[in-house]
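Below is one structure; the comments refer to it alone.
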Amino acid sequence: MAVAEESHFGRAAARLGTAQPPLSQRIQRLERELGVRLFERNSRQVTITKGGTLLLDEARELLARAEALMATSRRIRDGDAGLLRAALPPDIAGETVAEILAEFQRRHEGVELELHELPTAEQLARLASHDLDVGLIHHPCDVTGLGLGPVLRRELGVLLPREAPAAALAEVPLTALRDHDLILFPRANAPALHDDLLTTCARNGYTPAAIRHGQGTSFIRGLIRSAGSVAFRPREARPADAAGDDPDIVWRPLAGAPLALRSSVAWPQGRSDAAVTAFAEATTHAMWKTAAVTTDVPANSRPVHLRPAAEYYL
């Protein structure tokens with residue numbers, strides 16, 4: 001292209017930042033590879049041949065496509081395009097999931113978000129194997145090798161049958177739940193959090209006679225209605241939403257707020273690119289808006305500053 005546009009090897013070489021002899025040799029190699037004579041040469045000028053003219057537009061198109069390929073590669077490398085594999089835990093409300101998706105698209109439209117519903121243990125395994133780019137995990141857990149966004153705290157209340165005596169209380173002490181079995185997520189999903197919740201319950205006078213494992217909303221509500229069990233659920237931005245529209249179940253805050261879910265966006269250290277930043281910011285913003293969280297980051301929401309895990313979680 002340079003030789004065709006300059007009609008002179010010396011000027012083309014200067015434009016390309018090379019010497020004239022290597023440029024002449026490259027043109028000769030290109031002519032041999034294509035099987036087409038591209039230029040007529042004499043001592044005074046270089047003239048493009050008819051075959052060269054026919055190939056020139058193809059050459060321009062190839063170079064443009066090559067430049068576009070490199071630009072796209074740079075955007076993918078920097079997290080500005082491509083695919084982001086992200087995960088949220090099963091307890092995140094549908095309203096929050098929808099807000100995260102909408103907020104992420106507003107912040108980073110060029111990236112396709114592949115969102116999975118995964119418990120903390122599976123997220124940690126996939127982050128370690130680089131099968132997941134970013135996720136929202138629950139503490140406590142092993143955060144070695146991870147970077148974290150701000151720790152978001154959601155106070156836990158209790159879902160219980162409307163006819164239960166404790167349902168008449170404005171705030172329910174854990175000791176008032178002694179006669180109820182507890183519905184809790186399977187321990188394998190987040191072992192440290194599972195044990196931490198039960199330990200805190202025991203310290204506050206509640207040791208359930210039985211632990212029933214469940215995650216799905218309908219399944220948990222069925223157990224509450226039929227078996228008189230109780231389940232811990234976060235305080236939502238609208239507290240009535242925690243119990244849904246089920247007239248037989250109520251949500252009440254726990255006296256003294258002894259239980260909470262502490263969560264943060266996590267990613268492998270060294271992967272804090274623009275897409276990860278956008279997901280962390282979108283998730284923090286969405287949870288502030290829909291999930292009644294508290295954290296040391298103000299709600300008027302400056303950009304999320306991504307830091308190594310050790311700075312957030314001890």
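Identifiers in the structure tokens: chain A, B, ... in order shown; residue index from 1 per chain; ligand index from 1 in order shown.
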Original post:
Among range 143-182 of chain A, which residues carry a DSSP assignment of strand (DSSP E or B), reported as number ranges by chain?
Top reply: A: 146-148, 152-161, 172, 182
Subject >> All residues 10 Å or closer to range 211-214 of chain A, only C-alpha atoms, same chain fewer than 3 positions away omitted, as a list in words >> reply: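 Final neighbour list, sorted by chain and number: His180, Asp181, Leu182, Ile183, Leu184, Phe185, Pro186, Arg187, Leu198, Thr207, Pro208, Thr217, Ser218, Phe219, Ile220, Arg221, Leu223, Ser229, Val230 and Ala231 of chain A.
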Applying 10 Å and only C-alpha atoms, which residues near Ala164 in chain A remain after dropping the ones on its own chain fewer than 4 positions away? List them as a JSON list (two decimals) with all heavy atoms, in the first residue's frame.
```json
[["chain", "number", "residue", "atom", "x", "y", "z"],
["A", 160, "LEU", "N", -41.27, -17.02, 59.83],
["A", 160, "LEU", "CA", -41.89, -17.99, 60.72],
["A", 160, "LEU", "C", -43.41, -18.01, 60.48],
["A", 160, "LEU", "O", -43.95, -17.08, 59.86],
["A", 160, "LEU", "CB", -41.57, -17.68, 62.18],
["A", 160, "LEU", "CG", -42.12, -16.43, 62.86],
["A", 160, "LEU", "CD1", -41.88, -16.52, 64.36],
["A", 160, "LEU", "CD2", -41.47, -15.16, 62.32],
["A", 168, "ALA", "N", -45.97, -12.55, 66.99],
["A", 168, "ALA", "CA", -46.65, -11.39, 67.57],
["A", 168, "ALA", "C", -45.67, -10.34, 68.08],
["A", 168, "ALA", "O", -46.07, -9.23, 68.45],
["A", 168, "ALA", "CB", -47.55, -11.85, 68.71],
["A", 169, "LEU", "N", -44.38, -10.67, 68.11],
["A", 169, "LEU", "CA", -43.36, -9.75, 68.62],
["A", 169, "LEU", "C", -42.87, -8.81, 67.52],
["A", 169, "LEU", "O", -42.76, -9.20, 66.36],
["A", 169, "LEU", "CB", -42.18, -10.53, 69.19],
["A", 169, "LEU", "CG", -42.50, -11.53, 70.31],
["A", 169, "LEU", "CD1", -41.25, -12.34, 70.65],
["A", 169, "LEU", "CD2", -43.04, -10.79, 71.53],
["A", 176, "ALA", "N", -36.66, -17.22, 71.51],
["A", 176, "ALA", "CA", -38.08, -17.45, 71.25],
["A", 176, "ALA", "C", -38.30, -18.48, 70.15],
["A", 176, "ALA", "O", -39.44, -18.88, 69.89],
["A", 176, "ALA", "CB", -38.76, -16.14, 70.88],
["A", 177, "LEU", "N", -37.21, -18.92, 69.49],
["A", 177, "LEU", "CA", -37.33, -19.89, 68.40],
["A", 177, "LEU", "C", -37.03, -21.32, 68.84],
["A", 177, "LEU", "O", -36.95, -22.22, 68.00],
["A", 177, "LEU", "CB", -36.37, -19.49, 67.25],
["A", 177, "LEU", "CG", -36.56, -18.09, 66.68],
["A", 177, "LEU", "CD1", -35.49, -17.81, 65.61],
["A", 177, "LEU", "CD2", -37.95, -17.91, 66.09],
["A", 179, "ASP", "N", -38.60, -23.77, 70.01],
["A", 179, "ASP", "CA", -39.52, -24.86, 69.66],
["A", 179, "ASP", "C", -39.61, -25.10, 68.16],
["A", 179, "ASP", "O", -40.42, -25.93, 67.71],
["A", 179, "ASP", "CB", -40.92, -24.56, 70.21],
["A", 179, "ASP", "CG", -40.95, -24.50, 71.72],
["A", 179, "ASP", "OD1", -40.11, -25.20, 72.34],
["A", 179, "ASP", "OD2", -41.79, -23.77, 72.28],
["A", 180, "HIS", "N", -38.80, -24.40, 67.39],
["A", 180, "HIS", "CA", -38.89, -24.51, 65.93],
["A", 180, "HIS", "C", -37.62, -25.13, 65.35],
["A", 180, "HIS", "O", -36.50, -24.80, 65.77],
["A", 180, "HIS", "CB", -39.07, -23.12, 65.30],
["A", 180, "HIS", "CG", -40.34, -22.43, 65.71],
["A", 180, "HIS", "ND1", -41.55, -22.68, 65.10],
["A", 180, "HIS", "CD2", -40.57, -21.50, 66.66],
["A", 180, "HIS", "CE1", -42.47, -21.92, 65.66],
["A", 180, "HIS", "NE2", -41.91, -21.20, 66.61],
["A", 228, "GLY", "N", -43.86, -26.04, 60.67],
["A", 228, "GLY", "CA", -43.62, -25.09, 61.74],
["A", 228, "GLY", "C", -42.17, -24.70, 61.90],
["A", 228, "GLY", "O", -41.75, -24.24, 62.96],
["A", 229, "SER", "N", -41.37, -24.90, 60.85],
["A", 229, "SER", "CA", -39.95, -24.54, 60.90],
["A", 229, "SER", "C", -39.79, -23.03, 60.69],
["A", 229, "SER", "O", -40.73, -22.33, 60.32],
["A", 229, "SER", "CB", -39.17, -25.30, 59.83],
["A", 229, "SER", "OG", -39.34, -26.70, 59.98],
["A", 230, "VAL", "N", -38.57, -22.57, 60.91],
["A", 230, "VAL", "CA", -38.25, -21.16, 60.66],
["A", 230, "VAL", "C", -37.02, -21.09, 59.77],
["A", 230, "VAL", "O", -36.26, -22.06, 59.65],
["A", 230, "VAL", "CB", -38.00, -20.39, 61.98],
["A", 230, "VAL", "CG1", -39.24, -20.41, 62.86],
["A", 230, "VAL", "CG2", -36.79, -20.95, 62.72],
["A", 249, "ILE", "N", -47.17, -16.63, 56.40],
["A", 249, "ILE", "CA", -45.77, -16.48, 56.83],
["A", 249, "ILE", "C", -45.48, -15.00, 57.05],
["A", 249, "ILE", "O", -45.92, -14.15, 56.28],
["A", 249, "ILE", "CB", -44.80, -17.07, 55.77],
["A", 249, "ILE", "CG1", -45.06, -18.58, 55.62],
["A", 249, "ILE", "CG2", -43.35, -16.81, 56.15],
["A", 249, "ILE", "CD1", -44.25, -19.20, 54.50],
["A", 250, "VAL", "N", -44.72, -14.71, 58.10],
["A", 250, "VAL", "CA", -44.32, -13.34, 58.37],
["A", 250, "VAL", "C", -42.80, -13.28, 58.54],
["A", 250, "VAL", "O", -42.16, -14.28, 58.85],
["A", 250, "VAL", "CB", -45.00, -12.78, 59.65],
["A", 250, "VAL", "CG1", -46.51, -12.73, 59.46],
["A", 250, "VAL", "CG2", -44.64, -13.62, 60.87]]
```
Subject >> Pick from A:His194, A:Arg271, A:His138, A:Arg225 nearest to Pro161 in chain A, counting only C-alpha atoms >> reply: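 Closest residue, counting only C-alpha atoms: A:Arg225.
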**OP:** Could you give me the residues within range 149-288 of chain A that DSSP places in alpha helix (DSSP H), as a PyMOL selection string?
**Re:** chain A and resi 191-203+217-227+274-288
**OP:** Pick out the closest residue to Gln45 in chain A from this set: A:Asp248, A:Glu6, A:Glu67, A:Asp57. Count only C-alpha atoms.
**Re:** A:Glu6
**OP:** Find the residues near Glu40 in chain A: any atom within 10 Å, counting only C-alpha atoms, skip ones fewer than 5 places away on the same chain, and give them as a PyMOL selection string.
**Re:** chain A and resi 45-49+52
Just to be explicit: take each residue in the selection above, keep N, CA and C atoms, and write the result as a PDB file, in the first residue's frame.
```pdb
ATOM      1  N   GLN A  45      11.012   5.767 -11.449  1.00  0.00           N
ATOM      2  CA  GLN A  45       9.736   5.669 -10.752  1.00  0.00           C
ATOM      3  C   GLN A  45       9.291   4.209 -10.607  1.00  0.00           C
ATOM      4  N   VAL A  46       8.281   4.026  -9.799  1.00  0.00           N
ATOM      5  CA  VAL A  46       7.647   2.728  -9.593  1.00  0.00           C
ATOM      6  C   VAL A  46       6.187   2.880  -9.976  1.00  0.00           C
ATOM      7  N   THR A  47       5.711   2.004 -10.860  1.00  0.00           N
ATOM      8  CA  THR A  47       4.321   2.084 -11.329  1.00  0.00           C
ATOM      9  C   THR A  47       3.598   0.803 -10.975  1.00  0.00           C
ATOM     10  N   ILE A  48       2.427   0.935 -10.374  1.00  0.00           N
ATOM     11  CA  ILE A  48       1.654  -0.245 -10.012  1.00  0.00           C
ATOM     12  C   ILE A  48       1.106  -0.904 -11.263  1.00  0.00           C
ATOM     13  N   THR A  49       1.116  -2.204 -11.304  1.00  0.00           N
ATOM     14  CA  THR A  49       0.606  -2.938 -12.465  1.00  0.00           C
ATOM     15  C   THR A  49      -0.915  -3.062 -12.376  1.00  0.00           C
ATOM     16  N   GLY A  52      -1.638  -5.432  -9.664  1.00  0.00           N
ATOM     17  CA  GLY A  52      -1.461  -4.772  -8.372  1.00  0.00           C
ATOM     18  C   GLY A  52      -2.641  -3.871  -8.024  1.00  0.00           C
TER      19      GLY A  52
END
```
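Every protein or nucleic acid residue with an atom no more than 6 Å from range 118-129 of chain A, counting only C-alpha atoms and leaving out same-chain residues fewer than 5 positions away, appears here: Leu88, Pro89, Ile137, Asn189 and Ala190 of chain A.
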Please produce a file of those selected residues containing N, CA, C and O atoms, as a short mmCIF file (atom, residue, chain, number, x, y, z; two decimals), in the first residue's frame.
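Result written to again.cif:
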```
data_model
loop_
_atom_site.label_atom_id
_atom_site.label_comp_id
_atom_site.auth_asym_id
_atom_site.auth_seq_id
_atom_site.Cartn_x
_atom_site.Cartn_y
_atom_site.Cartn_z
N LEU A 88 -23.75 -15.19 41.22
CA LEU A 88 -24.41 -14.67 42.41
C LEU A 88 -24.88 -15.84 43.26
O LEU A 88 -25.23 -16.90 42.72
N PRO A 89 -24.94 -15.69 44.59
CA PRO A 89 -25.41 -16.78 45.44
C PRO A 89 -26.93 -16.95 45.34
O PRO A 89 -27.64 -16.01 44.94
N ILE A 137 -19.51 -13.46 46.90
CA ILE A 137 -19.32 -14.55 47.86
C ILE A 137 -19.74 -14.10 49.26
O ILE A 137 -19.81 -12.91 49.55
N ASN A 189 -22.47 -25.74 50.77
CA ASN A 189 -22.53 -24.50 49.98
C ASN A 189 -21.61 -23.43 50.53
O ASN A 189 -21.03 -22.65 49.77
N ALA A 190 -21.51 -23.35 51.85
CA ALA A 190 -20.66 -22.35 52.51
C ALA A 190 -20.39 -22.83 53.92
O ALA A 190 -21.04 -22.40 54.88
#
```
Subject >> Residue neighbourhood range 104-106 of chain A, 9 Å, only C-alpha atoms, exclusion window fewer than 4 positions, as a PyMOL selection string >> reply: chain A and resi 99-100+110-113+275+278-283
**OP:** Choose the residue, out of A:Glu155, A:Asp196, A:Glu58, A:Glu171, that has the smallest atom-to-atom separation from Leu259 in chain A; count only C-alpha atoms.
**Re:**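 Of A:Glu155, A:Asp196, A:Glu58, A:Glu171, the one nearest Leu259 in chain A is A:Glu155, counting only C-alpha atoms.
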Subject >> Atom-to-atom span, CA of Ala227 in chain A and CA of Cys201 in chain A, Å >> reply: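 Spanning CA of Ala227 in chain A to CA of Cys201 in chain A is a straight-line distance of 20.1 Å.
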